[in-house]
Amino acid sequence: MEVVNKLEKIRDYFCGCPYLKDGMFNIDYLGNEAIQYAIVSQINASPVIKRYTDGEKLMQYPFSFMSVEQYSSDILDQISASGFYEQLEKWINEQNDTGNLPDIPNIQSIEVLAPGYLFDVYGTGMAKYEIQCRVTYLEY
């Protein structure tokens, strides 16, 4: 059985999002310069959601989509970052509703667990933003 790197498949999936700007797109790494994106694995819950009597399991893979954006007291910078994460959340929900999902075997859904929010601010006029998500899939 082929081993699937879920973070790579999720990253590839998000590369198709029309709201992303040109910039680096990493896995488990996010620098301090704008604009950068990253898919970061999360360990915040058991991977098993449900066990079935036939041995099948409904699994979850939590992750965060993160970015480094310009940050300042300028309302336009604030609106830009906030607006991006609102659009991203809407895009994720629409993709899930239409069945356009990451290329992970037996995937069931992609879901937003927590909307986009300001994660960290740097003194250099940059900030990290994050939206928490998960994919669910069946494992036999």
# chains A, B, ... in the order shown; residues from 1 in each chain; ligands from 1
$ residues_around --residues "Ile92 of chain A" --least-positions-apart "6" --cutoff "12 Å" --atoms "only C-alpha atoms" --output "list in words"
Ile10, Tyr13, Phe14, Gly16, Cys17, Pro18, Tyr19, Phe65, Tyr85, Glu86, Thr98, Gly99, Asn100, Leu101, Pro102, Ser109, Ile110, Glu111, Val112, Leu113, Pro115, Gly116, Ile131, Gln132, Cys133, Arg134 and Val135 of chain A
$ write_last_selection --atoms "N, CA and C atoms" --output "CSV table (one decimal), in the first residue's frame"
chain,number,residue,atom,x,y,z
A,10,ILE,N,-2.6,18.0,1.1
A,10,ILE,CA,-3.4,19.2,1.5
A,10,ILE,C,-2.8,20.4,1.0
A,13,TYR,N,-3.7,20.7,-2.6
A,13,TYR,CA,-5.1,21.1,-2.7
A,13,TYR,C,-5.3,22.6,-2.5
A,14,PHE,N,-4.6,23.2,-1.5
A,14,PHE,CA,-4.7,24.6,-1.3
A,14,PHE,C,-4.1,25.5,-2.4
A,16,GLY,N,-4.7,25.3,-5.3
A,16,GLY,CA,-5.7,25.6,-6.2
A,16,GLY,C,-6.7,26.7,-5.8
A,17,CYS,N,-6.4,27.2,-4.6
A,17,CYS,CA,-7.3,28.3,-4.1
A,17,CYS,C,-7.1,29.6,-4.8
A,18,PRO,N,-8.1,30.2,-5.4
A,18,PRO,CA,-7.9,31.4,-6.2
A,18,PRO,C,-7.5,32.6,-5.3
A,19,TYR,N,-7.6,32.6,-4.0
A,19,TYR,CA,-7.4,33.7,-3.2
A,19,TYR,C,-6.0,33.9,-2.7
A,65,PHE,N,-3.9,26.0,8.3
A,65,PHE,CA,-3.4,26.8,7.2
A,65,PHE,C,-3.0,28.1,7.9
A,85,TYR,N,-9.0,35.7,5.1
A,85,TYR,CA,-9.4,34.5,5.8
A,85,TYR,C,-10.9,34.2,5.8
A,86,GLU,N,-11.7,35.2,5.6
A,86,GLU,CA,-13.1,35.0,5.4
A,86,GLU,C,-13.4,34.3,4.0
A,98,THR,N,-19.2,20.7,-2.5
A,98,THR,CA,-19.2,20.2,-3.9
A,98,THR,C,-18.4,18.9,-4.1
A,99,GLY,N,-17.8,18.4,-3.0
A,99,GLY,CA,-17.0,17.2,-3.1
A,99,GLY,C,-15.6,17.3,-3.7
A,100,ASN,N,-15.1,18.6,-3.8
A,100,ASN,CA,-13.8,18.8,-4.3
A,100,ASN,C,-12.9,18.8,-3.1
A,101,LEU,N,-12.2,17.6,-2.9
A,101,LEU,CA,-11.5,17.4,-1.7
A,101,LEU,C,-10.0,17.1,-2.0
A,102,PRO,N,-9.1,17.2,-1.0
A,102,PRO,CA,-7.7,16.8,-1.2
A,102,PRO,C,-7.6,15.3,-1.7
A,109,SER,N,-14.3,14.4,4.1
A,109,SER,CA,-14.6,15.8,4.1
A,109,SER,C,-13.3,16.6,4.5
A,110,ILE,N,-13.5,17.9,4.2
A,110,ILE,CA,-12.5,18.9,4.8
A,110,ILE,C,-13.4,19.9,5.5
A,111,GLU,N,-13.0,20.3,6.7
A,111,GLU,CA,-13.8,21.2,7.5
A,111,GLU,C,-13.0,22.2,8.2
A,112,VAL,N,-13.6,23.4,8.4
A,112,VAL,CA,-13.0,24.4,9.2
A,112,VAL,C,-13.4,24.2,10.7
A,113,LEU,N,-12.4,24.1,11.5
A,113,LEU,CA,-12.7,23.9,13.0
A,113,LEU,C,-12.7,25.2,13.7
A,115,PRO,N,-12.3,29.6,12.7
A,115,PRO,CA,-12.1,30.6,11.7
A,115,PRO,C,-10.8,31.2,11.8
A,116,GLY,N,-10.4,31.9,10.7
A,116,GLY,CA,-9.1,32.6,10.7
A,116,GLY,C,-9.0,33.6,11.8
A,131,ILE,N,-6.0,29.5,10.3
A,131,ILE,CA,-7.3,28.9,10.3
A,131,ILE,C,-7.1,27.4,10.6
A,132,GLN,N,-7.9,26.9,11.5
A,132,GLN,CA,-7.7,25.5,11.9
A,132,GLN,C,-8.8,24.6,11.2
A,133,CYS,N,-8.3,23.5,10.6
A,133,CYS,CA,-9.1,22.7,9.8
A,133,CYS,C,-8.8,21.2,10.1
A,134,ARG,N,-9.6,20.3,9.4
A,134,ARG,CA,-9.3,18.9,9.5
A,134,ARG,C,-9.9,18.3,8.3
A,135,VAL,N,-9.2,17.1,7.9
A,135,VAL,CA,-9.8,16.3,6.9
A,135,VAL,C,-10.3,15.0,7.7
$ residues_around --residues "Glu130 of chain A" --least-positions-apart "2" --cutoff "12 Å" --atoms "only C-alpha atoms" --output "number ranges by chain"
A: 30, 36-40, 42, 63-69, 81-82, 84-86, 88-89, 112-120, 127-128, 132-133
$ write_last_selection --atoms "C-alpha atoms" --output "mmCIF file, in the first residue's frame"
data_model
loop_
_atom_site.group_PDB
_atom_site.id
_atom_site.type_symbol
_atom_site.label_atom_id
_atom_site.label_comp_id
_atom_site.auth_asym_id
_atom_site.auth_seq_id
_atom_site.Cartn_x
_atom_site.Cartn_y
_atom_site.Cartn_z
ATOM 1 C CA LEU A 30 6.533 29.484 8.254
ATOM 2 C CA GLN A 36 4.212 33.069 3.023
ATOM 3 C CA TYR A 37 1.793 30.212 3.527
ATOM 4 C CA ALA A 38 2.137 26.910 5.330
ATOM 5 C CA ILE A 39 0.167 23.798 6.090
ATOM 6 C CA VAL A 40 1.079 22.825 9.642
ATOM 7 C CA GLN A 42 -1.728 19.780 14.587
ATOM 8 C CA PHE A 63 -4.027 20.878 10.482
ATOM 9 C CA SER A 64 -3.694 24.629 10.277
ATOM 10 C CA PHE A 65 -3.419 26.805 7.218
ATOM 11 C CA MET A 66 -1.140 29.669 8.280
ATOM 12 C CA SER A 67 0.220 32.765 6.612
ATOM 13 C CA VAL A 68 2.504 35.690 7.263
ATOM 14 C CA GLU A 69 0.836 38.963 6.277
ATOM 15 C CA ALA A 81 -5.873 39.965 6.207
ATOM 16 C CA SER A 82 -9.306 39.516 7.739
ATOM 17 C CA PHE A 84 -8.556 36.862 3.015
ATOM 18 C CA TYR A 85 -9.404 34.475 5.844
ATOM 19 C CA GLU A 86 -13.150 35.033 5.392
ATOM 20 C CA LEU A 88 -10.601 31.175 2.492
ATOM 21 C CA GLU A 89 -13.150 29.788 4.954
ATOM 22 C CA VAL A 112 -13.019 24.445 9.201
ATOM 23 C CA LEU A 113 -12.707 23.919 12.965
ATOM 24 C CA ALA A 114 -11.858 27.509 13.910
ATOM 25 C CA PRO A 115 -12.142 30.562 11.653
ATOM 26 C CA GLY A 116 -9.100 32.604 10.691
ATOM 27 C CA TYR A 117 -7.553 34.683 13.449
ATOM 28 C CA LEU A 118 -4.453 36.677 14.324
ATOM 29 C CA PHE A 119 -1.985 34.176 15.799
ATOM 30 C CA ASP A 120 1.139 36.230 16.479
ATOM 31 C CA ALA A 127 1.826 38.944 11.674
ATOM 32 C CA LYS A 128 0.944 35.270 11.515
ATOM 33 C CA GLN A 132 -7.730 25.488 11.912
ATOM 34 C CA CYS A 133 -9.126 22.670 9.786
#
$ atom_distance --atom1 "atom CA of Gln108 of chain A" --atom2 "atom CA of Thr136 of chain A"
5.3 Å
$ residues_around --residues "Asn106 of chain A" --least-positions-apart "6" --cutoff "8 Å" --atoms "only C-alpha atoms" --output "PyMOL selection string"
chain A and resi 137-139
$ write_last_selection --atoms "N, CA and C atoms" --output "PDB file, in the first residue's frame"
ATOM      1  N   TYR A 137     -11.360  10.874   7.001  1.00  0.00           N
ATOM      2  CA  TYR A 137     -11.219   9.818   6.010  1.00  0.00           C
ATOM      3  C   TYR A 137     -11.459   8.474   6.678  1.00  0.00           C
ATOM      4  N   LEU A 138     -11.764   7.492   5.864  1.00  0.00           N
ATOM      5  CA  LEU A 138     -11.983   6.131   6.358  1.00  0.00           C
ATOM      6  C   LEU A 138     -10.690   5.361   6.269  1.00  0.00           C
ATOM      7  N   GLU A 139     -10.437   4.549   7.265  1.00  0.00           N
ATOM      8  CA  GLU A 139      -9.266   3.666   7.267  1.00  0.00           C
ATOM      9  C   GLU A 139      -9.767   2.250   7.490  1.00  0.00           C
TER      10      GLU A 139
END
$ select_by_dssp --residues "segment 5-136 of chain A" --states "helix (DSSP H, G or I)" --output "PyMOL selection string"
chain A and resi 6-14+75-98
$ write_last_selection --atoms "N, CA and C atoms" --output "short mmCIF file (atom, residue, chain, number, x, y, z; two decimals), in the first residue's frame"
data_model
loop_
_atom_site.label_atom_id
_atom_site.label_comp_id
_atom_site.auth_asym_id
_atom_site.auth_seq_id
_atom_site.Cartn_x
_atom_site.Cartn_y
_atom_site.Cartn_z
N LYS A 6 -0.14 13.21 3.88
CA LYS A 6 -1.36 14.02 3.94
C LYS A 6 -1.06 15.52 3.85
N LEU A 7 0.00 15.98 4.50
CA LEU A 7 0.33 17.40 4.44
C LEU A 7 0.64 17.83 3.01
N GLU A 8 1.35 17.00 2.28
CA GLU A 8 1.67 17.32 0.89
C GLU A 8 0.39 17.39 0.05
N LYS A 9 -0.51 16.43 0.25
CA LYS A 9 -1.77 16.41 -0.51
C LYS A 9 -2.64 17.62 -0.15
N ILE A 10 -2.65 17.99 1.11
CA ILE A 10 -3.43 19.16 1.54
C ILE A 10 -2.81 20.44 0.97
N ARG A 11 -1.50 20.52 0.99
CA ARG A 11 -0.81 21.69 0.40
C ARG A 11 -1.15 21.79 -1.08
N ASP A 12 -1.05 20.67 -1.80
CA ASP A 12 -1.38 20.68 -3.23
C ASP A 12 -2.81 21.16 -3.45
N TYR A 13 -3.70 20.73 -2.60
CA TYR A 13 -5.12 21.12 -2.69
C TYR A 13 -5.27 22.63 -2.54
N PHE A 14 -4.63 23.20 -1.53
CA PHE A 14 -4.74 24.64 -1.29
C PHE A 14 -4.05 25.46 -2.37
N ILE A 75 -5.95 50.50 8.77
CA ILE A 75 -7.18 49.70 8.68
C ILE A 75 -7.21 48.88 7.39
N LEU A 76 -6.60 49.36 6.31
CA LEU A 76 -6.59 48.61 5.05
C LEU A 76 -5.80 47.31 5.18
N ASP A 77 -4.67 47.32 5.91
CA ASP A 77 -3.91 46.10 6.17
C ASP A 77 -4.76 45.12 6.98
N GLN A 78 -5.45 45.63 7.98
CA GLN A 78 -6.27 44.78 8.85
C GLN A 78 -7.42 44.15 8.06
N ILE A 79 -8.07 44.95 7.24
CA ILE A 79 -9.19 44.46 6.43
C ILE A 79 -8.71 43.43 5.42
N SER A 80 -7.55 43.66 4.83
CA SER A 80 -7.00 42.74 3.84
C SER A 80 -6.79 41.35 4.43
N ALA A 81 -6.14 41.26 5.57
CA ALA A 81 -5.87 39.97 6.21
C ALA A 81 -7.17 39.30 6.65
N SER A 82 -8.02 40.06 7.28
CA SER A 82 -9.31 39.52 7.74
C SER A 82 -10.15 39.04 6.57
N GLY A 83 -10.20 39.83 5.51
CA GLY A 83 -10.97 39.48 4.33
C GLY A 83 -10.46 38.22 3.65
N PHE A 84 -9.13 38.07 3.61
CA PHE A 84 -8.56 36.86 3.02
C PHE A 84 -9.04 35.62 3.75
N TYR A 85 -9.01 35.66 5.08
CA TYR A 85 -9.40 34.48 5.84
C TYR A 85 -10.91 34.21 5.78
N GLU A 86 -11.71 35.24 5.62
CA GLU A 86 -13.15 35.03 5.39
C GLU A 86 -13.37 34.35 4.05
N GLN A 87 -12.66 34.81 3.01
CA GLN A 87 -12.77 34.19 1.68
C GLN A 87 -12.26 32.75 1.71
N LEU A 88 -11.17 32.52 2.41
CA LEU A 88 -10.60 31.17 2.49
C LEU A 88 -11.57 30.22 3.17
N GLU A 89 -12.18 30.64 4.27
CA GLU A 89 -13.15 29.79 4.95
C GLU A 89 -14.33 29.46 4.04
N LYS A 90 -14.82 30.46 3.35
CA LYS A 90 -15.94 30.24 2.42
C LYS A 90 -15.52 29.27 1.32
N TRP A 91 -14.32 29.43 0.77
CA TRP A 91 -13.82 28.55 -0.28
C TRP A 91 -13.74 27.11 0.22
N ILE A 92 -13.19 26.90 1.41
CA ILE A 92 -13.08 25.54 1.98
C ILE A 92 -14.47 24.92 2.10
N ASN A 93 -15.42 25.67 2.65
CA ASN A 93 -16.78 25.14 2.81
C ASN A 93 -17.42 24.81 1.47
N GLU A 94 -17.23 25.66 0.48
CA GLU A 94 -17.79 25.40 -0.86
C GLU A 94 -17.15 24.17 -1.48
N GLN A 95 -15.85 24.02 -1.34
CA GLN A 95 -15.16 22.85 -1.90
C GLN A 95 -15.67 21.57 -1.24
N ASN A 96 -15.86 21.62 0.07
CA ASN A 96 -16.38 20.45 0.78
C ASN A 96 -17.79 20.12 0.30
N ASP A 97 -18.63 21.14 0.18
CA ASP A 97 -20.03 20.92 -0.24
C ASP A 97 -20.13 20.33 -1.65
N THR A 98 -19.19 20.68 -2.53
CA THR A 98 -19.24 20.17 -3.90
C THR A 98 -18.42 18.89 -4.08
#
$ select_by_dssp --residues "segment 22-140 of chain A" --states "strand (DSSP E or B)" --output "VMD selection string"
chain A and resid 24 to 27 36 to 41 48 to 51 57 to 70 107 to 121 126 to 139
$ closest_residue --among "A:Ile104, A:Ile49, A:Met24, A:Asp54" --to "Val4 of chain A" --atoms "only C-alpha atoms"
A:Ile104
$ atom_distance --atom1 "atom CA of Tyr29 of chain A" --atom2 "atom CA of Gln60 of chain A"
21.5 Å
$ residues_around --residues "Pro47 of chain A" --least-positions-apart "5" --cutoff "9 Å" --atoms "only C-alpha atoms" --output "VMD selection string"
chain A and resid 58 to 62
$ closest_residue --among "A:Pro105, A:Tyr71, A:Ser46, A:Cys15" --to "Tyr129 of chain A" --atoms "only C-alpha atoms"
A:Tyr71
$ decode --residues "segment 77-118 of chain A" --atoms "N, CA and C atoms" --output "PDB file, in the first residue's frame"
ATOM      1  N   ASP A  77      -4.673  47.325   5.913  1.00  0.00           N
ATOM      2  CA  ASP A  77      -3.913  46.095   6.166  1.00  0.00           C
ATOM      3  C   ASP A  77      -4.758  45.116   6.981  1.00  0.00           C
ATOM      4  N   GLN A  78      -5.451  45.628   7.984  1.00  0.00           N
ATOM      5  CA  GLN A  78      -6.272  44.776   8.848  1.00  0.00           C
ATOM      6  C   GLN A  78      -7.421  44.155   8.058  1.00  0.00           C
ATOM      7  N   ILE A  79      -8.072  44.950   7.242  1.00  0.00           N
ATOM      8  CA  ILE A  79      -9.194  44.461   6.431  1.00  0.00           C
ATOM      9  C   ILE A  79      -8.706  43.433   5.416  1.00  0.00           C
ATOM     10  N   SER A  80      -7.547  43.660   4.832  1.00  0.00           N
ATOM     11  CA  SER A  80      -7.003  42.740   3.837  1.00  0.00           C
ATOM     12  C   SER A  80      -6.787  41.352   4.433  1.00  0.00           C
ATOM     13  N   ALA A  81      -6.135  41.262   5.572  1.00  0.00           N
ATOM     14  CA  ALA A  81      -5.873  39.965   6.207  1.00  0.00           C
ATOM     15  C   ALA A  81      -7.169  39.301   6.649  1.00  0.00           C
ATOM     16  N   SER A  82      -8.025  40.057   7.284  1.00  0.00           N
ATOM     17  CA  SER A  82      -9.306  39.516   7.739  1.00  0.00           C
ATOM     18  C   SER A  82     -10.155  39.039   6.566  1.00  0.00           C
ATOM     19  N   GLY A  83     -10.197  39.832   5.513  1.00  0.00           N
ATOM     20  CA  GLY A  83     -10.974  39.477   4.326  1.00  0.00           C
ATOM     21  C   GLY A  83     -10.456  38.222   3.651  1.00  0.00           C
ATOM     22  N   PHE A  84      -9.131  38.070   3.605  1.00  0.00           N
ATOM     23  CA  PHE A  84      -8.556  36.862   3.015  1.00  0.00           C
ATOM     24  C   PHE A  84      -9.040  35.621   3.753  1.00  0.00           C
ATOM     25  N   TYR A  85      -9.009  35.657   5.080  1.00  0.00           N
ATOM     26  CA  TYR A  85      -9.404  34.475   5.844  1.00  0.00           C
ATOM     27  C   TYR A  85     -10.908  34.213   5.776  1.00  0.00           C
ATOM     28  N   GLU A  86     -11.714  35.242   5.621  1.00  0.00           N
ATOM     29  CA  GLU A  86     -13.150  35.033   5.392  1.00  0.00           C
ATOM     30  C   GLU A  86     -13.371  34.349   4.047  1.00  0.00           C
ATOM     31  N   GLN A  87     -12.657  34.811   3.009  1.00  0.00           N
ATOM     32  CA  GLN A  87     -12.772  34.191   1.683  1.00  0.00           C
ATOM     33  C   GLN A  87     -12.264  32.748   1.707  1.00  0.00           C
ATOM     34  N   LEU A  88     -11.169  32.521   2.414  1.00  0.00           N
ATOM     35  CA  LEU A  88     -10.601  31.175   2.492  1.00  0.00           C
ATOM     36  C   LEU A  88     -11.574  30.218   3.168  1.00  0.00           C
ATOM     37  N   GLU A  89     -12.176  30.644   4.267  1.00  0.00           N
ATOM     38  CA  GLU A  89     -13.150  29.788   4.954  1.00  0.00           C
ATOM     39  C   GLU A  89     -14.333  29.462   4.039  1.00  0.00           C
ATOM     40  N   LYS A  90     -14.822  30.459   3.347  1.00  0.00           N
ATOM     41  CA  LYS A  90     -15.937  30.241   2.419  1.00  0.00           C
ATOM     42  C   LYS A  90     -15.524  29.268   1.318  1.00  0.00           C
ATOM     43  N   TRP A  91     -14.316  29.432   0.772  1.00  0.00           N
ATOM     44  CA  TRP A  91     -13.817  28.549  -0.279  1.00  0.00           C
ATOM     45  C   TRP A  91     -13.737  27.110   0.220  1.00  0.00           C
ATOM     46  N   ILE A  92     -13.188  26.898   1.414  1.00  0.00           N
ATOM     47  CA  ILE A  92     -13.080  25.541   1.980  1.00  0.00           C
ATOM     48  C   ILE A  92     -14.467  24.915   2.101  1.00  0.00           C
ATOM     49  N   ASN A  93     -15.418  25.670   2.646  1.00  0.00           N
ATOM     50  CA  ASN A  93     -16.778  25.145   2.809  1.00  0.00           C
ATOM     51  C   ASN A  93     -17.421  24.815   1.465  1.00  0.00           C
ATOM     52  N   GLU A  94     -17.232  25.665   0.480  1.00  0.00           N
ATOM     53  CA  GLU A  94     -17.789  25.402  -0.856  1.00  0.00           C
ATOM     54  C   GLU A  94     -17.154  24.167  -1.483  1.00  0.00           C
ATOM     55  N   GLN A  95     -15.847  24.022  -1.342  1.00  0.00           N
ATOM     56  CA  GLN A  95     -15.164  22.849  -1.896  1.00  0.00           C
ATOM     57  C   GLN A  95     -15.671  21.572  -1.237  1.00  0.00           C
ATOM     58  N   ASN A  96     -15.861  21.615   0.069  1.00  0.00           N
ATOM     59  CA  ASN A  96     -16.376  20.450   0.779  1.00  0.00           C
ATOM     60  C   ASN A  96     -17.793  20.116   0.299  1.00  0.00           C
ATOM     61  N   ASP A  97     -18.634  21.136   0.176  1.00  0.00           N
ATOM     62  CA  ASP A  97     -20.027  20.919  -0.240  1.00  0.00           C
ATOM     63  C   ASP A  97     -20.131  20.328  -1.647  1.00  0.00           C
ATOM     64  N   THR A  98     -19.190  20.680  -2.528  1.00  0.00           N
ATOM     65  CA  THR A  98     -19.242  20.172  -3.900  1.00  0.00           C
ATOM     66  C   THR A  98     -18.419  18.892  -4.082  1.00  0.00           C
ATOM     67  N   GLY A  99     -17.776  18.417  -3.011  1.00  0.00           N
ATOM     68  CA  GLY A  99     -17.000  17.180  -3.097  1.00  0.00           C
ATOM     69  C   GLY A  99     -15.632  17.343  -3.719  1.00  0.00           C
ATOM     70  N   ASN A 100     -15.147  18.566  -3.843  1.00  0.00           N
ATOM     71  CA  ASN A 100     -13.797  18.821  -4.335  1.00  0.00           C
ATOM     72  C   ASN A 100     -12.860  18.783  -3.130  1.00  0.00           C
ATOM     73  N   LEU A 101     -12.227  17.621  -2.908  1.00  0.00           N
ATOM     74  CA  LEU A 101     -11.466  17.372  -1.691  1.00  0.00           C
ATOM     75  C   LEU A 101     -10.009  17.059  -2.004  1.00  0.00           C
ATOM     76  N   PRO A 102      -9.134  17.184  -1.011  1.00  0.00           N
ATOM     77  CA  PRO A 102      -7.737  16.785  -1.230  1.00  0.00           C
ATOM     78  C   PRO A 102      -7.647  15.332  -1.691  1.00  0.00           C
ATOM     79  N   ASP A 103      -6.596  15.019  -2.407  1.00  0.00           N
ATOM     80  CA  ASP A 103      -6.395  13.689  -2.990  1.00  0.00           C
ATOM     81  C   ASP A 103      -5.830  12.720  -1.943  1.00  0.00           C
ATOM     82  N   ILE A 104      -6.648  12.416  -0.955  1.00  0.00           N
ATOM     83  CA  ILE A 104      -6.287  11.490   0.119  1.00  0.00           C
ATOM     84  C   ILE A 104      -7.236  10.299   0.009  1.00  0.00           C
ATOM     85  N   PRO A 105      -6.712   9.079  -0.012  1.00  0.00           N
ATOM     86  CA  PRO A 105      -7.592   7.915  -0.150  1.00  0.00           C
ATOM     87  C   PRO A 105      -8.708   7.892   0.898  1.00  0.00           C
ATOM     88  N   ASN A 106      -9.897   7.580   0.435  1.00  0.00           N
ATOM     89  CA  ASN A 106     -11.088   7.419   1.283  1.00  0.00           C
ATOM     90  C   ASN A 106     -11.465   8.676   2.059  1.00  0.00           C
ATOM     91  N   ILE A 107     -11.074   9.836   1.546  1.00  0.00           N
ATOM     92  CA  ILE A 107     -11.404  11.089   2.232  1.00  0.00           C
ATOM     93  C   ILE A 107     -12.911  11.297   2.240  1.00  0.00           C
ATOM     94  N   GLN A 108     -13.409  11.832   3.343  1.00  0.00           N
ATOM     95  CA  GLN A 108     -14.831  12.086   3.511  1.00  0.00           C
ATOM     96  C   GLN A 108     -15.162  13.574   3.487  1.00  0.00           C
ATOM     97  N   SER A 109     -14.276  14.390   4.065  1.00  0.00           N
ATOM     98  CA  SER A 109     -14.580  15.822   4.143  1.00  0.00           C
ATOM     99  C   SER A 109     -13.325  16.627   4.470  1.00  0.00           C
ATOM    100  N   ILE A 110     -13.461  17.920   4.244  1.00  0.00           N
ATOM    101  CA  ILE A 110     -12.508  18.906   4.751  1.00  0.00           C
ATOM    102  C   ILE A 110     -13.366  19.946   5.455  1.00  0.00           C
ATOM    103  N   GLU A 111     -12.984  20.293   6.673  1.00  0.00           N
ATOM    104  CA  GLU A 111     -13.820  21.160   7.503  1.00  0.00           C
ATOM    105  C   GLU A 111     -12.990  22.234   8.185  1.00  0.00           C
ATOM    106  N   VAL A 112     -13.614  23.380   8.400  1.00  0.00           N
ATOM    107  CA  VAL A 112     -13.019  24.445   9.201  1.00  0.00           C
ATOM    108  C   VAL A 112     -13.423  24.209  10.656  1.00  0.00           C
ATOM    109  N   LEU A 113     -12.437  24.113  11.540  1.00  0.00           N
ATOM    110  CA  LEU A 113     -12.707  23.919  12.965  1.00  0.00           C
ATOM    111  C   LEU A 113     -12.727  25.239  13.728  1.00  0.00           C
ATOM    112  N   ALA A 114     -11.904  26.180  13.291  1.00  0.00           N
ATOM    113  CA  ALA A 114     -11.858  27.509  13.910  1.00  0.00           C
ATOM    114  C   ALA A 114     -11.570  28.512  12.809  1.00  0.00           C
ATOM    115  N   PRO A 115     -12.345  29.577  12.729  1.00  0.00           N
ATOM    116  CA  PRO A 115     -12.142  30.562  11.653  1.00  0.00           C
ATOM    117  C   PRO A 115     -10.786  31.242  11.778  1.00  0.00           C
ATOM    118  N   GLY A 116     -10.386  31.932  10.711  1.00  0.00           N
ATOM    119  CA  GLY A 116      -9.100  32.604  10.691  1.00  0.00           C
ATOM    120  C   GLY A 116      -8.972  33.650  11.782  1.00  0.00           C
ATOM    121  N   TYR A 117      -7.793  33.716  12.374  1.00  0.00           N
ATOM    122  CA  TYR A 117      -7.553  34.683  13.449  1.00  0.00           C
ATOM    123  C   TYR A 117      -6.079  35.064  13.481  1.00  0.00           C
ATOM    124  N   LEU A 118      -5.811  36.196  14.120  1.00  0.00           N
ATOM    125  CA  LEU A 118      -4.453  36.677  14.324  1.00  0.00           C
ATOM    126  C   LEU A 118      -3.773  35.770  15.341  1.00  0.00           C
TER     127      LEU A 118
END
